[in-house]
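Undergrad: What follows is a single structure, and I will ask about it in a moment.
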Amino acid sequence: MIIIGEKINGAIPSVKDAISRHDEESIKNLAVAQEKAGANYIDVCAGTEPEIEYETMCWLIDLVQSVTETPLCIDSPDPELLVKLFPRVKKPGLINSISLEGRKCEILLPLLRENPEWGVVALCCDQSGIAESAEVKVANAFTLIANAAEYCVTPDRIHIDPLVLAVSAVMDSGMQFLEAIRRIKEKYPTVHVTAALSNISYGMPARKLVNTAFLTLAMEAGLDSVIADPLNRDVLGALYATDVLLNRDRLCRNYNKAFRKGLIGTPKK
């Protein structure tokens, strides 16, 4: 499972506060903690007003790169800003994101063609917004993959996000998402399918229960990438345990290693 650490995001109140105060140590600590927890990428999202987003992203990127070697996932709704930020990133990572909205594919896919070591998060939404049905999610995914192919971006470089809706608002959201994963993987077995895990539980009590159950079901359906909090022991434990049960962890080595490192299980007092 590919883990995209979500903690450095200005949409999180504590991070927003750290950004506003230019609290360098808080940002650095979040980066190091996510790296130690096994994040494959560290998402960096300013979540600020557009007029200060570039300066804030530069500050965040420099801080994270000063303390960790983990590749970055540079995250902004503005594709032109991502192009502008690209030279600042020291090693190949992920661009977050393209979609069928506006000119995102047109602006970012040429950049990916020129930088074949980079990957991309692709959101299955269009000008109509986020679809509820698996049929439309899958159709959007196939269009995104086809668009990427025109720029020599192969499926294995793409992290498709079918965009799960909150189950509190759309009761069959989880089932539609799982069906979308299966159909996408059936046609494109090498494409990565990802999810912003916590979206499923928005508006629910005891959200961790919903998140971990959803993660387990989604992994069985073919999810192999997740945008999540790697410091959340419940989520991380469910991830490693599910890999064991799906026979994806030879001799349970990854599970046992995570336990010995204190990443999963009951914390030692």
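Labels for the structure tokens follow display order: chains A, B, ..., residues from 1 in each chain, ligands from 1.
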To test your reading of the structure, identify every residue in range 73-125 of chain A that backbone DSSP assigns to alpha helix (DSSP H), and report it as a list in words.

TA: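 Selecting the alpha helix (DSSP H) positions of range 73-125 of chain A gives Pro79, Glu80, Leu81, Leu82, Val83, Lys84, Leu85, Lys104, Cys105, Glu106, Ile107, Leu108, Leu109, Pro110, Leu111, Leu112, Arg113 and Glu114 of chain A.
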
Undergrad: Would you export the selected residues with C-alpha atoms as a tab-separated table (two decimals), in the first residue's frame, please?

TA:
```tsv
chain	number	residue	atom	x	y	z
A	79	PRO	CA	-2.53	23.93	-11.99
A	80	GLU	CA	-0.50	26.98	-13.03
A	81	LEU	CA	0.77	27.34	-9.48
A	82	LEU	CA	1.88	23.69	-9.51
A	83	VAL	CA	3.87	24.33	-12.68
A	84	LYS	CA	5.46	27.36	-11.03
A	85	LEU	CA	6.35	25.34	-7.91
A	104	LYS	CA	-5.89	21.05	-15.57
A	105	CYS	CA	-5.01	18.21	-17.94
A	106	GLU	CA	-3.92	20.63	-20.65
A	107	ILE	CA	-1.59	22.47	-18.27
A	108	LEU	CA	-0.14	19.61	-16.20
A	109	LEU	CA	0.10	16.63	-18.57
A	110	PRO	CA	2.81	18.27	-20.73
A	111	LEU	CA	4.85	18.76	-17.53
A	112	LEU	CA	4.46	15.07	-16.72
A	113	ARG	CA	5.47	14.09	-20.25
A	114	GLU	CA	8.69	16.04	-19.81
```

Undergrad: Might you pull out every residue within 10 Å of Asn199 in chain A, with only C-alpha atoms counted and same-chain residues fewer than 5 positions away left off, and present them as a PDB file with C-alpha atoms, in the first residue's frame?

TA:
```
ATOM      1  CA  LEU A 163     -13.753  10.439  -5.022  1.00  0.00           C
ATOM      2  CA  VAL A 164     -15.801   8.850  -2.274  1.00  0.00           C
ATOM      3  CA  LEU A 165     -18.646  10.938  -0.884  1.00  0.00           C
ATOM      4  CA  ALA A 166     -19.657  11.048   2.766  1.00  0.00           C
ATOM      5  CA  VAL A 167     -21.834   8.063   3.587  1.00  0.00           C
ATOM      6  CA  ARG A 207     -15.252   8.354  12.494  1.00  0.00           C
ATOM      7  CA  ASN A 211     -12.597   4.893   8.145  1.00  0.00           C
TER       8      ASN A 211
END
```

Undergrad: Might you pull out every residue within 9 Å of Val120 in chain A, with only C-alpha atoms counted and same-chain residues fewer than 6 positions away left off, and present them as a list in words?

TA: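 In the requested format, the answer is Cys73, Gly93, Leu94, Ile95, Asn96, Ser97, Ile98, Leu112, Arg157, Ile158, His159 and Ile160 of chain A.
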
Undergrad: Generate a file of the selected residues that holds C-alpha atoms, formatted as a PDB file, in the first residue's frame.

TA:
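So result_13.pdb came out as:
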```
ATOM      1  CA  CYS A  73       3.064  15.334  -3.244  1.00  0.00           C
ATOM      2  CA  GLY A  93       7.152  12.893  -6.447  1.00  0.00           C
ATOM      3  CA  LEU A  94       3.460  13.393  -7.188  1.00  0.00           C
ATOM      4  CA  ILE A  95       1.456  16.279  -8.586  1.00  0.00           C
ATOM      5  CA  ASN A  96      -1.913  16.660  -6.890  1.00  0.00           C
ATOM      6  CA  SER A  97      -3.944  16.929  -9.048  1.00  0.00           C
ATOM      7  CA  ILE A  98      -5.468  16.717 -12.507  1.00  0.00           C
ATOM      8  CA  LEU A 112       4.457  15.070 -16.720  1.00  0.00           C
ATOM      9  CA  ARG A 157       2.212   6.740 -12.997  1.00  0.00           C
ATOM     10  CA  ILE A 158      -1.386   7.652 -12.190  1.00  0.00           C
ATOM     11  CA  HIS A 159      -3.143   7.529  -8.823  1.00  0.00           C
ATOM     12  CA  ILE A 160      -6.824   7.574  -9.771  1.00  0.00           C
TER      13      ILE A 160
END
```

Undergrad: Can you work out which one of A:Ile4, A:Val67, A:Leu217, A:Val15 has the shortest atom-to-atom distance to Val32 in chain A, counting only C-alpha atoms?

TA: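 Smallest separation from Val32 in chain A among the options: A:Val67.
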
Undergrad: Check the smallest atom-to-atom distance from each of A:Ala139, A:Leu144, A:Val193, A:Ala31 to Ala218 in chain A using only C-alpha atoms, then report the winner.

TA: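 Among the listed residues, the smallest separation from Ala218 in chain A belongs to A:Val193.
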
Undergrad: Write out as a CSV table (one decimal) with C-alpha atoms, in the first residue's frame which residues come within 9 Å of Ile184 in chain A when counting only C-alpha atoms, dropping same-chain ones fewer than 2 positions away.

TA:
```
chain,number,residue,atom,x,y,z
A,138,VAL,CA,-15.4,4.9,-14.1
A,141,ALA,CA,-11.3,7.6,-14.9
A,142,PHE,CA,-11.1,6.1,-18.3
A,160,ILE,CA,-6.8,7.6,-9.8
A,179,GLU,CA,-17.6,-0.9,-7.6
A,180,ALA,CA,-15.6,1.8,-9.4
A,181,ILE,CA,-12.3,0.5,-8.1
A,182,ARG,CA,-13.1,-3.0,-9.4
A,186,GLU,CA,-10.2,-4.7,-14.4
A,187,LYS,CA,-9.4,-2.6,-17.4
A,188,TYR,CA,-6.1,-1.0,-16.2
A,189,PRO,CA,-4.5,-3.4,-13.7
A,191,VAL,CA,-3.0,2.0,-12.5
A,193,VAL,CA,-6.3,3.7,-7.2
```

Undergrad: Check which residues of range 71-187 of chain A sit at most 7 Å from range 36-60 of chain A using only C-alpha atoms, and return one row each with the closest pair of atoms and their distance in Å to one decimal, ordered by chain and rising number, as a tab-separated table.

TA:
```
residue	atom	partner	partner_atom	distance
A:Pro71	CA	A:Tyr41	CA	5.0
A:Leu72	CA	A:Ile42	CA	4.8
A:Cys73	CA	A:Asp43	CA	4.4
A:Ile74	CA	A:Val44	CA	5.3
A:Asp75	CA	A:Cys45	CA	4.9
A:Ser76	CA	A:Cys45	CA	6.2
A:Leu81	CA	A:Tyr54	CA	6.8
```
